[in-house]
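Shown next, in structure tokens, is the structure this report addresses.
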Amino acid sequence: MNRIRIRRPDDWHLHLRDGALLEAVVPATARSFGRAIVMPNLKPPVRTVAEAGAYRDRILAARPAGSRFEPLMTLYLTETTSVDDIREAAESDFVHAVKYYPAGATTNSDSGVRELERAYPAIEAMEKHGVPLLMHGEVTDGDIDVFDREAVFIERHLEKLRSTFPAMKMVLEHATTSDAIDYVNSAPGPTAATITVHHLMFNRNALFEGGLRPHHYCLPLIKRERHRQALLAAATSGNERFFLGTDSAPHPKHAKESDCGCAGVYSAPAAMELYAEVFEAAGALDKLEAFASLNGPAFYGLPPSNETIELRKQPWQMDRELTAGQETIVPLRAGDEIGWRQVG
Ligand code: DOR
Ligand code: ZN
């Protein structure tokens, strides 16, 4: 198969940042995706419907002329998120979920949750109003190996959360392990997971290939090959619990190539092309539409797009660097040939 036409996909996990960086990165996502769930980990975080509305306006203003790209907003869960905040979110027509960050787990997570139980009143309201809980599923304890933090989170927190709030829509974001896939495959209730393209492309050797590779550093970390295989099997299975979420997370080049570099892979400029490469290599291009364009809307209770995009097997070269205002960003696969291209 040298070309494929699918319904316009959506990105169910995306970082757009703010200011000049926001303006620089919105067009890359809007080129391929009809909608995106926009992460709230700004500084300060997006905690209320009013803040989400203002952020949404800034995103809409950054769209290229004529674009109908629709940002789906999220709130950042804290230990003081109130039942009223959740009710307001449910009543708004632009907040679609609430994001849980364990405090200290990743970029701008300092205001996140330390004791999950303290957020239970808000979570109970989410269950009642049908607002999905999106989870950064890692424990943060210094004594837990960084490669095991997702598996330990599932064991310690996820199972209890699932049984305490059986009707709540829950998404384990950026699943990285076979433990996560096994959990989502067999969990009761409305449970789903997003899968990034970089976790499908790479195992953890990619962090050290020919030297230390800061542009492959993200959280949760890329894992062993057997975990990548489990993610690939889930993404290409057609199972509606698994859908596309790039976790595209731009950082300025100097913040990545640093003594204490930031976590995040900027995949938006070729996200759909790279997913097509991965699905083709797995002999599963026929499953790309379900993963990218159908399963996510079904979980969120939204209609799939009635537009289409076309991808062709037509090699091109990714720029080595991109400019974003005064900053430079290094995209995933910088300087490399990419086998597929979106042509319409
Ligand atoms: O690699 C990551 N980057 N993981 C996250 O959880 C956050 C993200 C970011 O905001 O940079
Ligand atoms: Zn993220």
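Simple scheme: letters A, B, ... for chains in structure tokens order, numbers from 1 for residues in each chain, numbers from 1 for ligands in the order shown.
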
Using only C-alpha atoms and all ligand atoms, find each residue of chain A with at least one atom at most 8 Å away from an atom of ligand 1; report its shortest atom-to-atom pair and that distance in Å (one decimal), sort the rows by chain and rising residue number, and return the result as JSON lines.
{"residue": "A:His15", "atom": "CA", "partner": "ligand 1", "partner_atom_place_in_ligand_line": "10 (O)", "distance": 6.1}
{"residue": "A:Met39", "atom": "CA", "partner": "ligand 1", "partner_atom_place_in_ligand_line": "10 (O)", "distance": 7.8}
{"residue": "A:Asn41", "atom": "CA", "partner": "ligand 1", "partner_atom_place_in_ligand_line": "10 (O)", "distance": 6.4}
{"residue": "A:Ala105", "atom": "CA", "partner": "ligand 1", "partner_atom_place_in_ligand_line": "6 (O)", "distance": 7.3}
{"residue": "A:Thr106", "atom": "CA", "partner": "ligand 1", "partner_atom_place_in_ligand_line": "6 (O)", "distance": 5.1}
{"residue": "A:Thr107", "atom": "CA", "partner": "ligand 1", "partner_atom_place_in_ligand_line": "10 (O)", "distance": 4.8}
{"residue": "A:Asn108", "atom": "CA", "partner": "ligand 1", "partner_atom_place_in_ligand_line": "10 (O)", "distance": 6.8}
{"residue": "A:His136", "atom": "CA", "partner": "ligand 1", "partner_atom_place_in_ligand_line": "6 (O)", "distance": 6.5}
{"residue": "A:Tyr217", "atom": "CA", "partner": "ligand 1", "partner_atom_place_in_ligand_line": "1 (O)", "distance": 6.8}
{"residue": "A:Cys218", "atom": "CA", "partner": "ligand 1", "partner_atom_place_in_ligand_line": "1 (O)", "distance": 3.3}
{"residue": "A:Leu219", "atom": "CA", "partner": "ligand 1", "partner_atom_place_in_ligand_line": "1 (O)", "distance": 3.9}
{"residue": "A:Pro220", "atom": "CA", "partner": "ligand 1", "partner_atom_place_in_ligand_line": "4 (N)", "distance": 6.2}
{"residue": "A:Leu221", "atom": "CA", "partner": "ligand 1", "partner_atom_place_in_ligand_line": "1 (O)", "distance": 7.7}
{"residue": "A:Asp247", "atom": "CA", "partner": "ligand 1", "partner_atom_place_in_ligand_line": "8 (C)", "distance": 6.9}
{"residue": "A:Ser248", "atom": "CA", "partner": "ligand 1", "partner_atom_place_in_ligand_line": "3 (N)", "distance": 7.6}
{"residue": "A:Ala249", "atom": "CA", "partner": "ligand 1", "partner_atom_place_in_ligand_line": "11 (O)", "distance": 4.7}
{"residue": "A:Pro250", "atom": "CA", "partner": "ligand 1", "partner_atom_place_in_ligand_line": "11 (O)", "distance": 6.6}
{"residue": "A:His251", "atom": "CA", "partner": "ligand 1", "partner_atom_place_in_ligand_line": "11 (O)", "distance": 6.8}
{"residue": "A:Cys262", "atom": "CA", "partner": "ligand 1", "partner_atom_place_in_ligand_line": "11 (O)", "distance": 6.8}
{"residue": "A:Ala263", "atom": "CA", "partner": "ligand 1", "partner_atom_place_in_ligand_line": "1 (O)", "distance": 4.1}
{"residue": "A:Gly264", "atom": "CA", "partner": "ligand 1", "partner_atom_place_in_ligand_line": "1 (O)", "distance": 3.4}
{"residue": "A:Val265", "atom": "CA", "partner": "ligand 1", "partner_atom_place_in_ligand_line": "1 (O)", "distance": 6.3}

Write a file of the just-selected residues containing C-alpha atoms, as an mmCIF file, in the first residue's frame.
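Saved result, again.cif, follows:
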data_model
loop_
_atom_site.group_PDB
_atom_site.id
_atom_site.type_symbol
_atom_site.label_atom_id
_atom_site.label_comp_id
_atom_site.auth_asym_id
_atom_site.auth_seq_id
_atom_site.Cartn_x
_atom_site.Cartn_y
_atom_site.Cartn_z
ATOM 1 C CA HIS A 15 1.366 20.253 24.798
ATOM 2 C CA MET A 39 -2.510 19.726 28.367
ATOM 3 C CA ASN A 41 0.715 22.245 32.558
ATOM 4 C CA ALA A 105 6.523 13.734 38.224
ATOM 5 C CA THR A 106 7.385 15.888 35.223
ATOM 6 C CA THR A 107 7.487 19.360 33.597
ATOM 7 C CA ASN A 108 5.468 21.926 35.594
ATOM 8 C CA HIS A 136 0.187 10.840 34.243
ATOM 9 C CA TYR A 217 14.303 11.991 26.720
ATOM 10 C CA CYS A 218 10.677 12.145 27.798
ATOM 11 C CA LEU A 219 8.568 11.063 30.752
ATOM 12 C CA PRO A 220 7.539 8.359 31.244
ATOM 13 C CA LEU A 221 10.877 7.135 29.895
ATOM 14 C CA ASP A 247 2.434 13.942 23.892
ATOM 15 C CA SER A 248 4.282 16.282 21.533
ATOM 16 C CA ALA A 249 6.092 18.491 24.054
ATOM 17 C CA PRO A 250 8.287 21.264 22.613
ATOM 18 C CA HIS A 251 11.135 22.716 24.649
ATOM 19 C CA CYS A 262 13.828 18.983 30.122
ATOM 20 C CA ALA A 263 11.684 15.932 29.308
ATOM 21 C CA GLY A 264 9.682 16.055 26.104
ATOM 22 C CA VAL A 265 9.798 14.991 22.451
#

Original post:
So which bits of region 12-260 of chain A end up strand (DSSP E or B) when you DSSP the backbone, as a ChimeraX atom specification?
Top reply: /A:12-14,35-38,70-76,95-100,102,113,133-135,170-172,191-195,242-244,248

Prev. selection, C-alpha atoms, output as a PDB file, in the first residue's frame:
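Below is the file that was written, result33.pdb:
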ATOM      1  CA  TRP A  12      -5.729  13.095  22.393  1.00  0.00           C
ATOM      2  CA  HIS A  13      -2.626  14.341  24.300  1.00  0.00           C
ATOM      3  CA  LEU A  14      -0.765  17.481  23.265  1.00  0.00           C
ATOM      4  CA  ARG A  35      -8.917  18.424  17.355  1.00  0.00           C
ATOM      5  CA  ALA A  36      -6.470  17.975  20.214  1.00  0.00           C
ATOM      6  CA  ILE A  37      -6.741  17.506  23.956  1.00  0.00           C
ATOM      7  CA  VAL A  38      -4.507  20.317  25.207  1.00  0.00           C
ATOM      8  CA  GLU A  70     -10.403  22.779  17.562  1.00  0.00           C
ATOM      9  CA  PRO A  71      -8.553  22.750  20.901  1.00  0.00           C
ATOM     10  CA  LEU A  72     -10.272  20.589  23.525  1.00  0.00           C
ATOM     11  CA  MET A  73      -9.328  22.066  26.867  1.00  0.00           C
ATOM     12  CA  THR A  74      -8.388  20.387  30.150  1.00  0.00           C
ATOM     13  CA  LEU A  75      -8.058  21.497  33.769  1.00  0.00           C
ATOM     14  CA  TYR A  76      -5.068  20.733  35.979  1.00  0.00           C
ATOM     15  CA  VAL A  95     -13.423  21.709  28.783  1.00  0.00           C
ATOM     16  CA  HIS A  96     -13.333  17.997  28.017  1.00  0.00           C
ATOM     17  CA  ALA A  97     -11.217  16.453  30.765  1.00  0.00           C
ATOM     18  CA  VAL A  98      -9.124  16.966  33.902  1.00  0.00           C
ATOM     19  CA  LYS A  99      -5.431  16.045  34.061  1.00  0.00           C
ATOM     20  CA  TYR A 100      -3.802  14.421  37.063  1.00  0.00           C
ATOM     21  CA  PRO A 102       1.561  13.483  40.640  1.00  0.00           C
ATOM     22  CA  VAL A 113      -1.383  16.092  43.645  1.00  0.00           C
ATOM     23  CA  LEU A 133      -9.698  11.816  34.342  1.00  0.00           C
ATOM     24  CA  LEU A 134      -6.454  11.804  32.348  1.00  0.00           C
ATOM     25  CA  MET A 135      -3.547  10.416  34.281  1.00  0.00           C
ATOM     26  CA  MET A 170     -10.168   7.142  32.910  1.00  0.00           C
ATOM     27  CA  VAL A 171      -7.293   7.482  30.430  1.00  0.00           C
ATOM     28  CA  LEU A 172      -3.827   6.233  31.267  1.00  0.00           C
ATOM     29  CA  THR A 191     -10.689   2.628  30.815  1.00  0.00           C
ATOM     30  CA  ALA A 192      -8.461   3.671  27.922  1.00  0.00           C
ATOM     31  CA  ALA A 193      -4.861   4.606  27.105  1.00  0.00           C
ATOM     32  CA  THR A 194      -3.107   6.917  24.682  1.00  0.00           C
ATOM     33  CA  ILE A 195       0.102   5.826  22.949  1.00  0.00           C
ATOM     34  CA  PHE A 242      -6.282   2.466  22.623  1.00  0.00           C
ATOM     35  CA  PHE A 243      -5.954   5.702  20.719  1.00  0.00           C
ATOM     36  CA  LEU A 244      -3.490   8.278  19.440  1.00  0.00           C
ATOM     37  CA  SER A 248       4.282  16.282  21.533  1.00  0.00           C
TER      38      SER A 248
END

Original post:
Near region 237-239 of chain A, counting only C-alpha atoms, which residues have an atom at most 12 Å away, once you skip same-chain residues fewer than 3 positions from it, shown as a PyMOL selection string?
Top reply: chain A and resi 181+184-186+191-194+229-234+242-244+279+282-296+298-299

**OP:** Pull the alpha helix (DSSP H) assignments for region 143-285 of chain A out of DSSP run on the backbone, and list those residues as number ranges by chain.
**Re:** A: 149-153, 159-164, 178-186, 197-201, 225-235, 253-256, 271-281

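The gap separating CA of Glu327 (chain A) from CA of Ile59 (chain A) is 18.8 Å, in Å to one decimal.
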
Subject >> Spatial neighbours of region 336-343 of chain A, max dist 12 Å, only C-alpha atoms, sep filter under 3 positions, as a PyMOL selection string >> reply: chain A and resi 1-6+8+28+31-33+269-281+285+308-321+330-333

Subject >> Nearest to ligand 2, chosen from A:Arg17, A:Arg56, A:Lys256, A:Arg162, with only C-alpha atoms and all ligand atoms counted in the distances >> reply: A:Arg17

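The space between CA of Arg114 (chain A) and CA of Gly189 (chain A) spans 25.3 Å.
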
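With only C-alpha atoms and all ligand atoms as the atoms that count, the residue of A:Glu257, A:Asp179, A:Glu173, A:Asp10 with the shortest distance to ligand 2 is A:Glu173.
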
Original post:
Between CA of Thr176 (chain A) and CA of Phe69 (chain A), what is the distance, to one decimal in Å?
Top reply: 27.9 Å

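Residue nearest ligand 2 within the list A:Ala52, A:Ala255, A:Ala119, A:Leu16: A:Leu16 [criterion: smallest interatomic distance, only C-alpha atoms and all ligand atoms].
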
Contacts of region 85-91 of chain A at 10 Å (only C-alpha atoms; same-chain gap of 5+ positions) as a compact mmCIF listing (two decimals) with N, CA, C and O atoms, in the first residue's frame:
# COMPACT_ATOMS: atom_id res chain seq x y z
N ARG A 47 -6.14 26.03 35.86
CA ARG A 47 -6.88 25.37 36.94
C ARG A 47 -8.39 25.58 36.90
O ARG A 47 -9.13 24.85 37.55
N THR A 48 -8.82 26.62 36.21
CA THR A 48 -10.26 26.92 36.23
C THR A 48 -10.80 27.01 34.81
O THR A 48 -10.03 27.16 33.84
N VAL A 49 -12.13 26.96 34.72
CA VAL A 49 -12.76 27.06 33.40
C VAL A 49 -12.45 28.42 32.77
O VAL A 49 -12.21 28.52 31.56
N ALA A 50 -12.39 29.47 33.61
CA ALA A 50 -12.07 30.80 33.08
C ALA A 50 -10.66 30.82 32.47
O ALA A 50 -10.45 31.35 31.37
N ALA A 52 -9.03 28.22 31.35
CA ALA A 52 -9.05 27.36 30.15
C ALA A 52 -9.65 28.12 28.98
O ALA A 52 -9.19 27.99 27.83
N MET A 73 -10.09 21.60 25.71
CA MET A 73 -9.33 22.07 26.87
C MET A 73 -9.42 21.10 28.06
O MET A 73 -10.39 20.33 28.19
N THR A 74 -8.41 21.20 28.94
CA THR A 74 -8.39 20.39 30.15
C THR A 74 -8.06 21.28 31.35
O THR A 74 -7.46 22.34 31.19
N LEU A 75 -8.45 20.84 32.53
CA LEU A 75 -8.06 21.50 33.77
C LEU A 75 -6.99 20.66 34.46
O LEU A 75 -6.97 19.44 34.35
N LEU A 77 -5.60 19.13 37.73
CA LEU A 77 -6.13 18.71 39.03
C LEU A 77 -5.16 19.07 40.15
O LEU A 77 -3.97 18.77 40.07
N THR A 80 -6.86 21.14 45.74
CA THR A 80 -7.93 22.08 46.08
C THR A 80 -8.94 22.27 44.94
O THR A 80 -9.81 23.14 45.02
N HIS A 96 -12.95 19.38 28.30
CA HIS A 96 -13.33 18.00 28.02
C HIS A 96 -12.74 16.98 28.97
O HIS A 96 -13.10 15.80 28.90
N ALA A 97 -11.84 17.42 29.85
CA ALA A 97 -11.22 16.45 30.77
C ALA A 97 -10.43 17.20 31.84
O ALA A 97 -10.25 18.42 31.76
N VAL A 98 -9.97 16.43 32.83
CA VAL A 98 -9.12 16.97 33.90
C VAL A 98 -7.87 16.10 33.95
O VAL A 98 -7.93 14.88 33.84
N PRO A 121 -12.85 14.18 46.42
CA PRO A 121 -14.14 14.87 46.21
C PRO A 121 -14.27 15.36 44.76
O PRO A 121 -15.33 15.21 44.14
N ALA A 122 -13.19 15.92 44.21
CA ALA A 122 -13.24 16.39 42.82
C ALA A 122 -13.41 15.20 41.87
O ALA A 122 -14.18 15.26 40.91
N ILE A 123 -12.72 14.10 42.17
CA ILE A 123 -12.79 12.93 41.29
C ILE A 123 -14.21 12.33 41.33
O ILE A 123 -14.76 11.93 40.30
N GLU A 124 -14.81 12.34 42.51
CA GLU A 124 -16.19 11.85 42.63
C GLU A 124 -17.12 12.69 41.76
O GLU A 124 -18.02 12.17 41.09
N ALA A 125 -16.89 14.01 41.77
CA ALA A 125 -17.71 14.90 40.93
C ALA A 125 -17.47 14.61 39.44
O ALA A 125 -18.39 14.69 38.63
N MET A 126 -16.24 14.25 39.09
CA MET A 126 -15.96 13.92 37.70
C MET A 126 -16.72 12.67 37.28
O MET A 126 -17.28 12.60 36.18
N GLU A 127 -16.76 11.71 38.18
CA GLU A 127 -17.51 10.48 37.88
C GLU A 127 -18.99 10.83 37.65
O GLU A 127 -19.61 10.40 36.68
N LYS A 128 -19.51 11.66 38.56
CA LYS A 128 -20.93 12.04 38.49
C LYS A 128 -21.27 12.80 37.21
O LYS A 128 -22.30 12.55 36.59
N HIS A 129 -20.37 13.71 36.80
CA HIS A 129 -20.66 14.56 35.64
C HIS A 129 -20.11 13.99 34.32
O HIS A 129 -20.23 14.64 33.28
N GLY A 130 -19.46 12.84 34.37
CA GLY A 130 -18.93 12.24 33.14
C GLY A 130 -17.73 12.97 32.56
O GLY A 130 -17.53 12.99 31.35
N VAL A 131 -16.91 13.59 33.45
CA VAL A 131 -15.69 14.28 32.98
C VAL A 131 -14.52 13.30 33.08
O VAL A 131 -14.22 12.82 34.18
N PRO A 132 -13.85 12.98 31.99
CA PRO A 132 -12.75 12.00 32.06
C PRO A 132 -11.55 12.49 32.89
O PRO A 132 -11.22 13.68 32.86

Subject >> Contact residues around Ala24 (chain A) with only C-alpha atoms at 8 Å, ignoring same-chain residues under 6 positions, as a PyMOL selection string >> reply: chain A and resi 323-325

What's the 10 Å shell around Leu161 (chain A), counting only C-alpha atoms, without same-chain residues fewer than 2 positions away, as a short mmCIF file (atom, residue, chain, number, x, y, z; two decimals) with N, CA, C and O atoms, in the first residue's frame?
data_model
loop_
_atom_site.label_atom_id
_atom_site.label_comp_id
_atom_site.auth_asym_id
_atom_site.auth_seq_id
_atom_site.Cartn_x
_atom_site.Cartn_y
_atom_site.Cartn_z
N LEU A 116 -3.36 11.40 46.57
CA LEU A 116 -4.48 11.28 45.63
C LEU A 116 -5.84 11.35 46.36
O LEU A 116 -6.80 11.93 45.85
N GLU A 117 -5.88 10.80 47.56
CA GLU A 117 -7.15 10.77 48.31
C GLU A 117 -7.69 12.19 48.55
O GLU A 117 -8.90 12.39 48.64
N TYR A 120 -10.11 13.21 46.03
CA TYR A 120 -11.27 12.33 45.82
C TYR A 120 -12.60 13.08 45.66
O TYR A 120 -13.43 12.68 44.84
N ILE A 123 -12.72 14.10 42.17
CA ILE A 123 -12.79 12.93 41.29
C ILE A 123 -14.21 12.33 41.33
O ILE A 123 -14.76 11.93 40.30
N ILE A 154 0.34 1.71 38.72
CA ILE A 154 -0.84 0.89 38.41
C ILE A 154 -1.23 0.07 39.63
O ILE A 154 -2.39 0.05 40.05
N ARG A 156 -0.27 0.50 42.87
CA ARG A 156 -0.57 1.24 44.10
C ARG A 156 -1.81 2.10 44.01
O ARG A 156 -2.50 2.29 44.99
N HIS A 157 -2.05 2.70 42.85
CA HIS A 157 -3.09 3.73 42.78
C HIS A 157 -4.22 3.43 41.80
O HIS A 157 -5.38 3.70 42.08
N LEU A 158 -3.85 2.89 40.63
CA LEU A 158 -4.85 2.82 39.57
C LEU A 158 -5.94 1.82 39.90
O LEU A 158 -7.13 2.09 39.69
N GLU A 159 -5.55 0.68 40.45
CA GLU A 159 -6.54 -0.35 40.74
C GLU A 159 -7.55 0.16 41.77
O GLU A 159 -8.76 -0.03 41.62
N SER A 163 -11.65 0.90 41.25
CA SER A 163 -12.73 0.27 42.00
C SER A 163 -13.50 1.28 42.85
O SER A 163 -14.69 1.09 43.11
N THR A 164 -12.86 2.38 43.25
CA THR A 164 -13.57 3.40 44.04
C THR A 164 -14.54 4.20 43.17
O THR A 164 -15.60 4.62 43.63
N PHE A 165 -14.17 4.42 41.91
CA PHE A 165 -15.01 5.22 41.01
C PHE A 165 -15.30 4.40 39.74
O PHE A 165 -14.76 4.68 38.67
N PRO A 166 -16.15 3.38 39.87
CA PRO A 166 -16.29 2.40 38.78
C PRO A 166 -16.83 2.97 37.47
O PRO A 166 -16.56 2.42 36.41
N MET A 168 -16.21 6.12 36.35
CA MET A 168 -15.44 7.26 35.84
C MET A 168 -14.65 6.90 34.58
O MET A 168 -14.03 5.84 34.49
N MET A 170 -11.55 7.00 32.49
CA MET A 170 -10.17 7.14 32.91
C MET A 170 -9.23 6.85 31.73
O MET A 170 -9.38 5.83 31.07
#

Subject >> Of the listed residues A:Lys43, A:His174, A:Lys160, A:Arg118, that which approaches ligand 2 most closely, counting only C-alpha atoms and all ligand atoms >> reply: A:His174

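Here the question is which of A:Asp143, A:Asp182, A:Asp11, A:Glu79 gets nearest to ligand 2 using only C-alpha atoms and all ligand atoms, and that residue is A:Asp11.
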
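Closest approach to ligand 2 among A:His215, A:Leu42, A:Phe147, A:Lys169 is made by A:Leu42 (distances from only C-alpha atoms and all ligand atoms).
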